[in-house]
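Dropping work_20.txt in here (compact mmCIF, N, CA and C atoms):
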```
# COMPACT_ATOMS: atom_id res chain seq x y z
N MET A 1 39.71 -78.42 -34.62
CA MET A 1 40.23 -77.22 -34.02
C MET A 1 39.54 -75.99 -34.58
N ARG A 2 39.26 -75.97 -35.90
CA ARG A 2 38.60 -74.83 -36.52
C ARG A 2 37.18 -74.67 -35.99
N VAL A 3 36.48 -75.78 -35.77
CA VAL A 3 35.12 -75.72 -35.25
C VAL A 3 35.13 -75.14 -33.83
N ALA A 4 36.08 -75.56 -33.00
CA ALA A 4 36.16 -75.06 -31.64
C ALA A 4 36.46 -73.56 -31.64
N THR A 5 37.35 -73.12 -32.50
CA THR A 5 37.67 -71.70 -32.60
C THR A 5 36.44 -70.92 -33.05
N PHE A 6 35.70 -71.44 -34.03
CA PHE A 6 34.50 -70.78 -34.52
C PHE A 6 33.45 -70.68 -33.41
N VAL A 7 33.26 -71.74 -32.64
CA VAL A 7 32.27 -71.74 -31.56
C VAL A 7 32.66 -70.70 -30.50
N ILE A 8 33.92 -70.63 -30.16
CA ILE A 8 34.38 -69.65 -29.17
C ILE A 8 34.14 -68.23 -29.68
N LEU A 9 34.43 -67.97 -30.96
CA LEU A 9 34.21 -66.64 -31.52
C LEU A 9 32.72 -66.28 -31.52
N VAL A 10 31.87 -67.23 -31.82
CA VAL A 10 30.42 -66.96 -31.81
C VAL A 10 29.95 -66.65 -30.39
N ILE A 11 30.42 -67.42 -29.42
CA ILE A 11 30.04 -67.18 -28.02
C ILE A 11 30.51 -65.81 -27.56
N LEU A 12 31.75 -65.44 -27.89
CA LEU A 12 32.27 -64.13 -27.51
C LEU A 12 31.48 -63.00 -28.18
N ALA A 13 31.07 -63.21 -29.41
CA ALA A 13 30.30 -62.18 -30.11
C ALA A 13 28.91 -62.00 -29.50
N LEU A 14 28.36 -63.05 -28.94
CA LEU A 14 27.02 -62.97 -28.36
C LEU A 14 27.02 -62.49 -26.92
N CYS A 15 28.15 -62.54 -26.25
CA CYS A 15 28.23 -62.11 -24.85
C CYS A 15 28.43 -60.61 -24.78
N PRO A 16 27.75 -59.92 -23.86
CA PRO A 16 27.97 -58.48 -23.73
C PRO A 16 29.37 -58.18 -23.22
N ALA A 17 29.94 -57.13 -23.71
CA ALA A 17 31.29 -56.72 -23.29
C ALA A 17 31.23 -56.02 -21.95
N VAL A 18 32.32 -56.04 -21.23
CA VAL A 18 32.40 -55.36 -19.94
C VAL A 18 32.18 -53.87 -20.13
N ALA A 19 32.64 -53.30 -21.24
CA ALA A 19 32.51 -51.86 -21.46
C ALA A 19 31.07 -51.42 -21.60
N SER A 20 30.13 -52.33 -21.76
CA SER A 20 28.73 -51.92 -21.86
C SER A 20 27.98 -52.21 -20.58
N ALA A 21 28.69 -52.22 -19.47
CA ALA A 21 28.06 -52.55 -18.19
C ALA A 21 27.02 -51.52 -17.78
N GLN A 22 27.06 -50.29 -18.32
CA GLN A 22 26.03 -49.34 -17.96
C GLN A 22 24.81 -49.48 -18.86
N SER A 23 24.62 -50.64 -19.45
CA SER A 23 23.46 -50.96 -20.27
C SER A 23 23.28 -49.93 -21.38
N ASN A 24 24.03 -50.10 -22.44
CA ASN A 24 24.02 -49.20 -23.58
C ASN A 24 22.60 -48.83 -23.98
N GLY A 25 22.32 -47.54 -24.03
CA GLY A 25 20.99 -47.05 -24.38
C GLY A 25 20.05 -46.92 -23.20
N SER A 26 20.52 -47.23 -22.01
CA SER A 26 19.65 -47.18 -20.83
C SER A 26 19.39 -45.74 -20.40
N ILE A 27 18.27 -45.55 -19.72
CA ILE A 27 17.90 -44.24 -19.20
C ILE A 27 17.96 -44.31 -17.68
N TRP A 28 18.60 -43.32 -17.09
CA TRP A 28 18.78 -43.24 -15.64
C TRP A 28 18.15 -41.95 -15.14
N ALA A 29 17.67 -41.94 -13.91
CA ALA A 29 17.09 -40.75 -13.29
C ALA A 29 17.88 -40.39 -12.04
N ALA A 30 18.19 -39.10 -11.91
CA ALA A 30 18.84 -38.61 -10.69
C ALA A 30 17.85 -38.66 -9.55
N GLN A 31 18.32 -38.98 -8.38
CA GLN A 31 17.48 -39.05 -7.18
C GLN A 31 17.65 -37.78 -6.35
N GLY A 32 16.55 -37.25 -5.81
CA GLY A 32 16.64 -36.17 -4.84
C GLY A 32 16.59 -34.77 -5.39
N GLY A 33 16.49 -34.57 -6.69
CA GLY A 33 16.39 -33.23 -7.23
C GLY A 33 14.97 -32.69 -7.14
N SER A 34 14.83 -31.39 -7.09
CA SER A 34 13.50 -30.80 -7.05
C SER A 34 12.82 -30.87 -8.41
N VAL A 35 13.61 -31.02 -9.48
CA VAL A 35 13.12 -31.16 -10.84
C VAL A 35 13.84 -32.37 -11.45
N PRO A 36 13.16 -33.20 -12.25
CA PRO A 36 13.81 -34.39 -12.80
C PRO A 36 15.04 -34.09 -13.66
N VAL A 37 16.03 -34.97 -13.55
CA VAL A 37 17.22 -34.96 -14.39
C VAL A 37 17.39 -36.39 -14.88
N PHE A 38 17.50 -36.57 -16.20
CA PHE A 38 17.64 -37.89 -16.80
C PHE A 38 18.95 -37.98 -17.57
N PHE A 39 19.53 -39.20 -17.58
CA PHE A 39 20.75 -39.49 -18.33
C PHE A 39 20.47 -40.65 -19.27
N ASN A 40 21.03 -40.59 -20.47
CA ASN A 40 20.97 -41.69 -21.42
C ASN A 40 22.39 -42.00 -21.83
N PHE A 41 22.83 -43.25 -21.60
CA PHE A 41 24.21 -43.63 -21.88
C PHE A 41 24.33 -44.42 -23.18
N SER A 42 25.35 -44.11 -23.96
CA SER A 42 25.75 -44.91 -25.12
C SER A 42 27.24 -45.20 -24.94
N VAL A 43 27.62 -46.45 -25.20
CA VAL A 43 29.00 -46.87 -24.99
C VAL A 43 29.52 -47.56 -26.24
N SER A 44 30.75 -47.23 -26.61
CA SER A 44 31.43 -47.91 -27.70
C SER A 44 32.87 -48.13 -27.24
N GLY A 45 33.21 -49.38 -27.00
CA GLY A 45 34.54 -49.69 -26.50
C GLY A 45 34.75 -49.06 -25.14
N GLN A 46 35.76 -48.21 -25.02
CA GLN A 46 36.04 -47.55 -23.75
C GLN A 46 35.61 -46.08 -23.76
N THR A 47 34.70 -45.73 -24.66
CA THR A 47 34.21 -44.36 -24.77
C THR A 47 32.72 -44.33 -24.45
N PHE A 48 32.29 -43.35 -23.67
CA PHE A 48 30.87 -43.18 -23.40
C PHE A 48 30.41 -41.80 -23.86
N VAL A 49 29.14 -41.73 -24.21
CA VAL A 49 28.46 -40.47 -24.45
C VAL A 49 27.20 -40.52 -23.61
N ALA A 50 26.96 -39.48 -22.85
CA ALA A 50 25.74 -39.40 -22.04
C ALA A 50 24.99 -38.13 -22.43
N THR A 51 23.72 -38.28 -22.74
CA THR A 51 22.90 -37.09 -22.91
C THR A 51 22.21 -36.82 -21.59
N ILE A 52 22.07 -35.56 -21.26
CA ILE A 52 21.50 -35.14 -19.98
C ILE A 52 20.29 -34.28 -20.30
N LEU A 53 19.13 -34.67 -19.82
CA LEU A 53 17.90 -33.91 -20.03
C LEU A 53 17.40 -33.39 -18.70
N THR A 54 17.10 -32.11 -18.65
CA THR A 54 16.56 -31.52 -17.44
C THR A 54 15.44 -30.56 -17.82
N PHE A 55 14.68 -30.17 -16.85
CA PHE A 55 13.61 -29.21 -17.07
C PHE A 55 13.95 -27.90 -16.38
N GLY A 56 15.24 -27.63 -16.21
CA GLY A 56 15.71 -26.41 -15.57
C GLY A 56 15.60 -26.50 -14.07
N PRO A 57 16.33 -25.66 -13.35
CA PRO A 57 16.31 -25.73 -11.89
C PRO A 57 14.93 -25.41 -11.32
N SER A 58 14.10 -24.68 -12.07
CA SER A 58 12.76 -24.35 -11.57
C SER A 58 11.67 -25.17 -12.24
N GLY A 59 12.03 -26.02 -13.21
CA GLY A 59 11.06 -26.90 -13.85
C GLY A 59 10.23 -26.24 -14.93
N ASN A 60 10.62 -25.07 -15.41
CA ASN A 60 9.78 -24.36 -16.36
C ASN A 60 10.19 -24.50 -17.82
N HIS A 61 11.28 -25.18 -18.11
CA HIS A 61 11.67 -25.37 -19.51
C HIS A 61 12.64 -26.54 -19.62
N GLY A 62 12.62 -27.21 -20.78
CA GLY A 62 13.51 -28.34 -20.99
C GLY A 62 14.83 -27.90 -21.60
N GLU A 63 15.90 -28.54 -21.15
CA GLU A 63 17.22 -28.29 -21.70
C GLU A 63 17.97 -29.60 -21.78
N TRP A 64 18.87 -29.72 -22.74
CA TRP A 64 19.68 -30.92 -22.85
C TRP A 64 21.15 -30.51 -22.89
N PHE A 65 21.97 -31.42 -22.44
CA PHE A 65 23.42 -31.28 -22.44
C PHE A 65 23.99 -32.64 -22.80
N ALA A 66 25.27 -32.71 -23.01
CA ALA A 66 25.91 -33.99 -23.29
C ALA A 66 27.24 -34.06 -22.54
N ALA A 67 27.68 -35.27 -22.33
CA ALA A 67 29.00 -35.52 -21.74
C ALA A 67 29.63 -36.65 -22.53
N PHE A 68 30.94 -36.65 -22.60
CA PHE A 68 31.66 -37.72 -23.27
C PHE A 68 32.97 -37.95 -22.54
N GLY A 69 33.46 -39.18 -22.62
CA GLY A 69 34.72 -39.47 -21.96
C GLY A 69 35.07 -40.93 -22.02
N ASN A 70 35.90 -41.36 -21.09
CA ASN A 70 36.38 -42.73 -21.03
C ASN A 70 35.66 -43.50 -19.94
N THR A 71 35.48 -44.79 -20.20
CA THR A 71 34.82 -45.66 -19.22
C THR A 71 35.49 -47.02 -19.19
N ASN A 72 35.40 -47.66 -18.04
CA ASN A 72 35.83 -49.06 -17.94
C ASN A 72 34.61 -49.96 -17.83
N GLY A 73 33.43 -49.39 -18.04
CA GLY A 73 32.19 -50.16 -17.98
C GLY A 73 31.44 -49.99 -16.68
N VAL A 74 32.13 -49.61 -15.62
CA VAL A 74 31.49 -49.42 -14.32
C VAL A 74 31.62 -47.97 -13.86
N SER A 75 32.67 -47.30 -14.29
CA SER A 75 32.85 -45.89 -13.95
C SER A 75 33.35 -45.16 -15.19
N GLY A 76 33.16 -43.85 -15.18
CA GLY A 76 33.60 -43.05 -16.32
C GLY A 76 33.80 -41.61 -15.92
N THR A 77 34.68 -40.95 -16.64
CA THR A 77 34.97 -39.54 -16.41
C THR A 77 35.10 -38.85 -17.75
N GLY A 78 34.52 -37.64 -17.85
CA GLY A 78 34.60 -36.94 -19.11
C GLY A 78 34.29 -35.46 -19.00
N ARG A 79 34.08 -34.85 -20.15
CA ARG A 79 33.81 -33.42 -20.28
C ARG A 79 32.36 -33.20 -20.69
N LEU A 80 31.87 -32.00 -20.47
CA LEU A 80 30.52 -31.62 -20.84
C LEU A 80 30.51 -30.89 -22.18
N LEU A 81 29.42 -31.04 -22.90
CA LEU A 81 29.14 -30.26 -24.11
C LEU A 81 27.84 -29.51 -23.85
N LEU A 82 27.86 -28.21 -24.07
CA LEU A 82 26.66 -27.38 -23.88
C LEU A 82 26.28 -26.72 -25.19
N PRO A 83 24.97 -26.67 -25.48
CA PRO A 83 24.54 -25.93 -26.67
C PRO A 83 24.79 -24.44 -26.45
N SER A 84 25.31 -23.80 -27.47
CA SER A 84 25.59 -22.37 -27.39
C SER A 84 25.31 -21.78 -28.77
N GLY A 85 24.21 -21.07 -28.89
CA GLY A 85 23.81 -20.58 -30.21
C GLY A 85 23.49 -21.77 -31.09
N LEU A 86 24.16 -21.87 -32.20
CA LEU A 86 23.96 -23.00 -33.11
C LEU A 86 25.17 -23.93 -33.11
N ALA A 87 25.91 -23.94 -32.00
CA ALA A 87 27.11 -24.77 -31.89
C ALA A 87 27.14 -25.46 -30.52
N LEU A 88 28.15 -26.28 -30.32
CA LEU A 88 28.39 -26.92 -29.02
C LEU A 88 29.69 -26.38 -28.46
N THR A 89 29.70 -26.15 -27.16
CA THR A 89 30.92 -25.66 -26.51
C THR A 89 31.30 -26.59 -25.38
N GLN A 90 32.59 -26.61 -25.06
CA GLN A 90 33.12 -27.34 -23.92
C GLN A 90 33.56 -26.31 -22.89
N PRO A 91 32.72 -26.02 -21.91
CA PRO A 91 33.09 -25.01 -20.94
C PRO A 91 34.35 -25.41 -20.16
N PRO A 92 35.21 -24.45 -19.88
CA PRO A 92 36.40 -24.78 -19.09
C PRO A 92 36.00 -25.23 -17.68
N ALA A 93 36.77 -26.12 -17.14
CA ALA A 93 36.56 -26.64 -15.78
C ALA A 93 35.23 -27.35 -15.62
N SER A 94 34.64 -27.85 -16.70
CA SER A 94 33.41 -28.63 -16.59
C SER A 94 33.76 -30.11 -16.65
N SER A 95 32.97 -30.93 -15.98
CA SER A 95 33.24 -32.36 -15.99
C SER A 95 31.98 -33.14 -15.66
N PHE A 96 32.01 -34.42 -15.99
CA PHE A 96 30.94 -35.34 -15.65
C PHE A 96 31.58 -36.68 -15.31
N SER A 97 31.15 -37.29 -14.23
CA SER A 97 31.64 -38.62 -13.88
C SER A 97 30.51 -39.44 -13.30
N PHE A 98 30.65 -40.75 -13.43
CA PHE A 98 29.66 -41.66 -12.87
C PHE A 98 30.36 -42.88 -12.31
N GLN A 99 29.72 -43.53 -11.39
CA GLN A 99 30.21 -44.76 -10.76
C GLN A 99 29.00 -45.64 -10.50
N LEU A 100 28.95 -46.80 -11.16
CA LEU A 100 27.87 -47.75 -10.89
C LEU A 100 28.20 -48.56 -9.65
N ASP A 101 27.18 -49.05 -8.98
CA ASP A 101 27.40 -49.85 -7.78
C ASP A 101 28.12 -51.15 -8.08
N GLN A 102 27.92 -51.68 -9.29
CA GLN A 102 28.55 -52.92 -9.76
C GLN A 102 28.26 -53.05 -11.24
N PRO A 103 28.89 -53.97 -11.97
CA PRO A 103 28.54 -54.16 -13.38
C PRO A 103 27.06 -54.50 -13.51
N ASN A 104 26.42 -53.95 -14.53
CA ASN A 104 24.99 -54.16 -14.80
C ASN A 104 24.11 -53.75 -13.63
N ALA A 105 24.55 -52.78 -12.87
CA ALA A 105 23.81 -52.33 -11.69
C ALA A 105 22.55 -51.58 -12.09
N VAL A 106 21.64 -51.43 -11.14
CA VAL A 106 20.45 -50.62 -11.35
C VAL A 106 20.58 -49.29 -10.63
N ALA A 107 21.71 -49.04 -10.00
CA ALA A 107 21.93 -47.78 -9.29
C ALA A 107 23.41 -47.41 -9.33
N GLY A 108 23.66 -46.14 -9.10
CA GLY A 108 25.03 -45.65 -9.06
C GLY A 108 25.02 -44.20 -8.62
N SER A 109 26.14 -43.53 -8.84
CA SER A 109 26.24 -42.13 -8.45
C SER A 109 26.82 -41.34 -9.62
N PHE A 110 26.61 -40.02 -9.58
CA PHE A 110 27.11 -39.15 -10.63
C PHE A 110 27.55 -37.82 -10.01
N THR A 111 28.42 -37.12 -10.71
CA THR A 111 28.86 -35.79 -10.32
C THR A 111 29.06 -34.97 -11.59
N SER A 112 28.52 -33.77 -11.61
CA SER A 112 28.76 -32.86 -12.73
C SER A 112 29.25 -31.53 -12.18
N THR A 113 30.17 -30.92 -12.91
CA THR A 113 30.69 -29.61 -12.57
C THR A 113 30.48 -28.72 -13.78
N GLY A 114 29.92 -27.55 -13.57
CA GLY A 114 29.69 -26.63 -14.67
C GLY A 114 28.24 -26.50 -15.08
N LEU A 115 27.34 -27.24 -14.42
CA LEU A 115 25.92 -27.17 -14.75
C LEU A 115 25.08 -26.66 -13.58
N GLN A 116 25.71 -26.04 -12.61
CA GLN A 116 25.00 -25.59 -11.42
C GLN A 116 23.82 -24.67 -11.76
N ALA A 117 23.94 -23.86 -12.78
CA ALA A 117 22.88 -22.93 -13.14
C ALA A 117 21.72 -23.61 -13.87
N PHE A 118 21.92 -24.87 -14.29
CA PHE A 118 20.92 -25.53 -15.12
C PHE A 118 20.24 -26.73 -14.47
N LEU A 119 20.92 -27.42 -13.58
CA LEU A 119 20.39 -28.65 -12.99
C LEU A 119 19.90 -28.41 -11.57
N SER A 120 18.82 -29.09 -11.20
CA SER A 120 18.33 -28.98 -9.82
C SER A 120 19.20 -29.78 -8.87
N ILE A 121 19.96 -30.74 -9.39
CA ILE A 121 20.90 -31.54 -8.58
C ILE A 121 22.12 -31.83 -9.45
N THR A 122 23.31 -31.54 -8.96
CA THR A 122 24.52 -31.70 -9.76
C THR A 122 25.36 -32.91 -9.35
N SER A 123 25.02 -33.55 -8.26
CA SER A 123 25.69 -34.79 -7.87
C SER A 123 24.77 -35.57 -6.94
N GLY A 124 24.96 -36.87 -6.93
CA GLY A 124 24.14 -37.70 -6.06
C GLY A 124 23.92 -39.08 -6.65
N ARG A 125 22.83 -39.69 -6.26
CA ARG A 125 22.51 -41.04 -6.69
C ARG A 125 21.65 -41.01 -7.95
N MET A 126 21.77 -42.06 -8.75
CA MET A 126 20.93 -42.24 -9.93
C MET A 126 20.47 -43.69 -10.00
N VAL A 127 19.28 -43.90 -10.57
CA VAL A 127 18.75 -45.25 -10.73
C VAL A 127 18.34 -45.46 -12.18
N ARG A 128 18.48 -46.69 -12.64
CA ARG A 128 18.11 -47.02 -14.02
C ARG A 128 16.59 -47.15 -14.09
N VAL A 129 15.98 -46.46 -15.05
CA VAL A 129 14.53 -46.53 -15.22
C VAL A 129 14.11 -47.26 -16.49
N PHE A 130 15.06 -47.44 -17.43
CA PHE A 130 14.77 -48.19 -18.67
C PHE A 130 16.07 -48.68 -19.25
N PRO A 131 16.18 -49.79 -19.79
CA PRO A 131 15.41 -51.00 -19.55
C PRO A 131 15.78 -51.63 -18.25
```
Could you render the structure as structure tokens?
Amino acid sequence: MRVATFVILVILALCPAVASAQSNGSIWAAQGGSVPVFFNFSVSGQTFVATILTFGPSGNHGEWFAAFGNTNGVSGTGRLLLPSGLALTQPPASSFSFQLDQPNAVAGSFTSTGLQAFLSITSGRMVRVFP
């Protein structure tokens, strides 16, 4: 009985969790923007952190933002963090959400509120570009 329990624990430890369905550490690209927008997801349990990299709405400078919130592995909703001086701020009424087409999908959709002045596209489709 102890051997069977040990084998089951090893198998569970080696299997990816549902909460990492957005491929922890993966890089995604927004589709349809005039300037590239990239997302990098990190997941721990039911919490996600996404970094957002853009080159501005006109493509003349790079900027980064972050989002954090709750996820079930396929969808997530959270708040934005913006650099402000030498600190991070959470703008009121800002949000970020994503929905993958399925677990371990290569495509999905996203919506951000509060970044209209910074992103060339604030909602739409995204595709995984790495890995």
Could you state the separation of atom N of A:Phe39 and atom CA of A:Ala93 in Å, given to one decimal place? 21.2 Å
Would you give the centre and edge lengths, in Å to one decimal, of a box along x, y and z around the listed atoms of stretch 32-46 of chain A, with 4 Å added to each side, as JSON?
```
{"center_x": 24.4, "center_y": -40.2, "center_z": -16.3, "size_x": 31.2, "size_y": 26.9, "size_z": 30.9}
```
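Taking atom C of A:Gly108 and atom CA of A:His61 as endpoints, the distance between them is 25.5 Å.
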Top pick for closest residue to A:Leu100, considering A:Val74, A:Leu88, A:Val37, A:Val129 and counting only N, CA and C atoms: A:Val74
Just to confirm, what's the straight-line distance from atom N of A:Val35 to atom N of A:Ser112 in Å (one decimal)? 15.3 Å
Taking all atoms listed in the file into account, name the residue in A:Ser120, A:Gln46, A:Ala66, A:Ser75 that is nearest to A:Asp101. A:Ser75
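Each of A:Asn24, A:Thr113, A:Asn72, A:Asn104 was compared to A:Pro91 using only C-alpha atoms, and A:Thr113 turns out to be the nearest.
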Any chance you could build stretch 42-53 of chain A out to all heavy atoms and write it as a short mmCIF file (atom, residue, chain, number, x, y, z; two decimals), in the frame of the given file?
```cif
data_model
loop_
_atom_site.label_atom_id
_atom_site.label_comp_id
_atom_site.auth_asym_id
_atom_site.auth_seq_id
_atom_site.Cartn_x
_atom_site.Cartn_y
_atom_site.Cartn_z
N SER A 42 25.35 -44.11 -23.96
CA SER A 42 25.75 -44.91 -25.12
C SER A 42 27.24 -45.20 -24.94
O SER A 42 28.01 -44.31 -24.58
CB SER A 42 25.53 -44.15 -26.42
OG SER A 42 24.16 -43.94 -26.63
N VAL A 43 27.62 -46.45 -25.20
CA VAL A 43 29.00 -46.87 -24.99
C VAL A 43 29.52 -47.56 -26.24
O VAL A 43 28.82 -48.36 -26.85
CB VAL A 43 29.10 -47.85 -23.79
CG1 VAL A 43 30.53 -48.32 -23.61
CG2 VAL A 43 28.56 -47.20 -22.54
N SER A 44 30.75 -47.23 -26.61
CA SER A 44 31.43 -47.91 -27.70
C SER A 44 32.87 -48.13 -27.24
O SER A 44 33.62 -47.16 -27.07
CB SER A 44 31.40 -47.06 -28.97
OG SER A 44 32.11 -47.71 -30.00
N GLY A 45 33.21 -49.38 -27.00
CA GLY A 45 34.54 -49.69 -26.50
C GLY A 45 34.75 -49.06 -25.14
O GLY A 45 33.97 -49.29 -24.22
N GLN A 46 35.76 -48.21 -25.02
CA GLN A 46 36.04 -47.55 -23.75
C GLN A 46 35.61 -46.08 -23.76
O GLN A 46 36.06 -45.29 -22.94
CB GLN A 46 37.53 -47.66 -23.43
CG GLN A 46 37.95 -49.08 -23.16
CD GLN A 46 39.42 -49.18 -22.80
OE1 GLN A 46 40.24 -48.37 -23.19
NE2 GLN A 46 39.75 -50.20 -22.02
N THR A 47 34.70 -45.73 -24.66
CA THR A 47 34.21 -44.36 -24.77
C THR A 47 32.72 -44.33 -24.45
O THR A 47 31.97 -45.18 -24.91
CB THR A 47 34.44 -43.81 -26.18
OG1 THR A 47 35.83 -43.88 -26.47
CG2 THR A 47 33.96 -42.38 -26.31
N PHE A 48 32.29 -43.35 -23.67
CA PHE A 48 30.87 -43.18 -23.40
C PHE A 48 30.41 -41.80 -23.86
O PHE A 48 31.19 -40.85 -23.91
CB PHE A 48 30.55 -43.37 -21.91
CG PHE A 48 30.86 -42.17 -21.05
CD1 PHE A 48 29.92 -41.17 -20.84
CD2 PHE A 48 32.09 -42.04 -20.45
CE1 PHE A 48 30.21 -40.06 -20.06
CE2 PHE A 48 32.39 -40.94 -19.65
CZ PHE A 48 31.44 -39.94 -19.46
N VAL A 49 29.14 -41.73 -24.21
CA VAL A 49 28.46 -40.47 -24.45
C VAL A 49 27.20 -40.52 -23.61
O VAL A 49 26.47 -41.51 -23.64
CB VAL A 49 28.10 -40.27 -25.94
CG1 VAL A 49 27.26 -39.01 -26.14
CG2 VAL A 49 29.36 -40.21 -26.79
N ALA A 50 26.96 -39.48 -22.85
CA ALA A 50 25.74 -39.40 -22.04
C ALA A 50 24.99 -38.13 -22.43
O ALA A 50 25.59 -37.06 -22.49
CB ALA A 50 26.08 -39.37 -20.55
N THR A 51 23.72 -38.28 -22.74
CA THR A 51 22.90 -37.09 -22.91
C THR A 51 22.21 -36.82 -21.59
O THR A 51 21.86 -37.75 -20.86
CB THR A 51 21.86 -37.25 -24.03
OG1 THR A 51 21.12 -38.44 -23.81
CG2 THR A 51 22.53 -37.33 -25.39
N ILE A 52 22.07 -35.56 -21.26
CA ILE A 52 21.50 -35.14 -19.98
C ILE A 52 20.29 -34.28 -20.30
O ILE A 52 20.41 -33.27 -21.01
CB ILE A 52 22.52 -34.34 -19.16
CG1 ILE A 52 23.79 -35.16 -18.96
CG2 ILE A 52 21.92 -33.90 -17.83
CD1 ILE A 52 24.99 -34.35 -18.46
N LEU A 53 19.13 -34.67 -19.82
CA LEU A 53 17.90 -33.91 -20.03
C LEU A 53 17.40 -33.39 -18.70
O LEU A 53 17.30 -34.15 -17.73
CB LEU A 53 16.82 -34.78 -20.67
CG LEU A 53 15.42 -34.16 -20.78
CD1 LEU A 53 15.44 -32.95 -21.72
CD2 LEU A 53 14.42 -35.19 -21.25
#
```
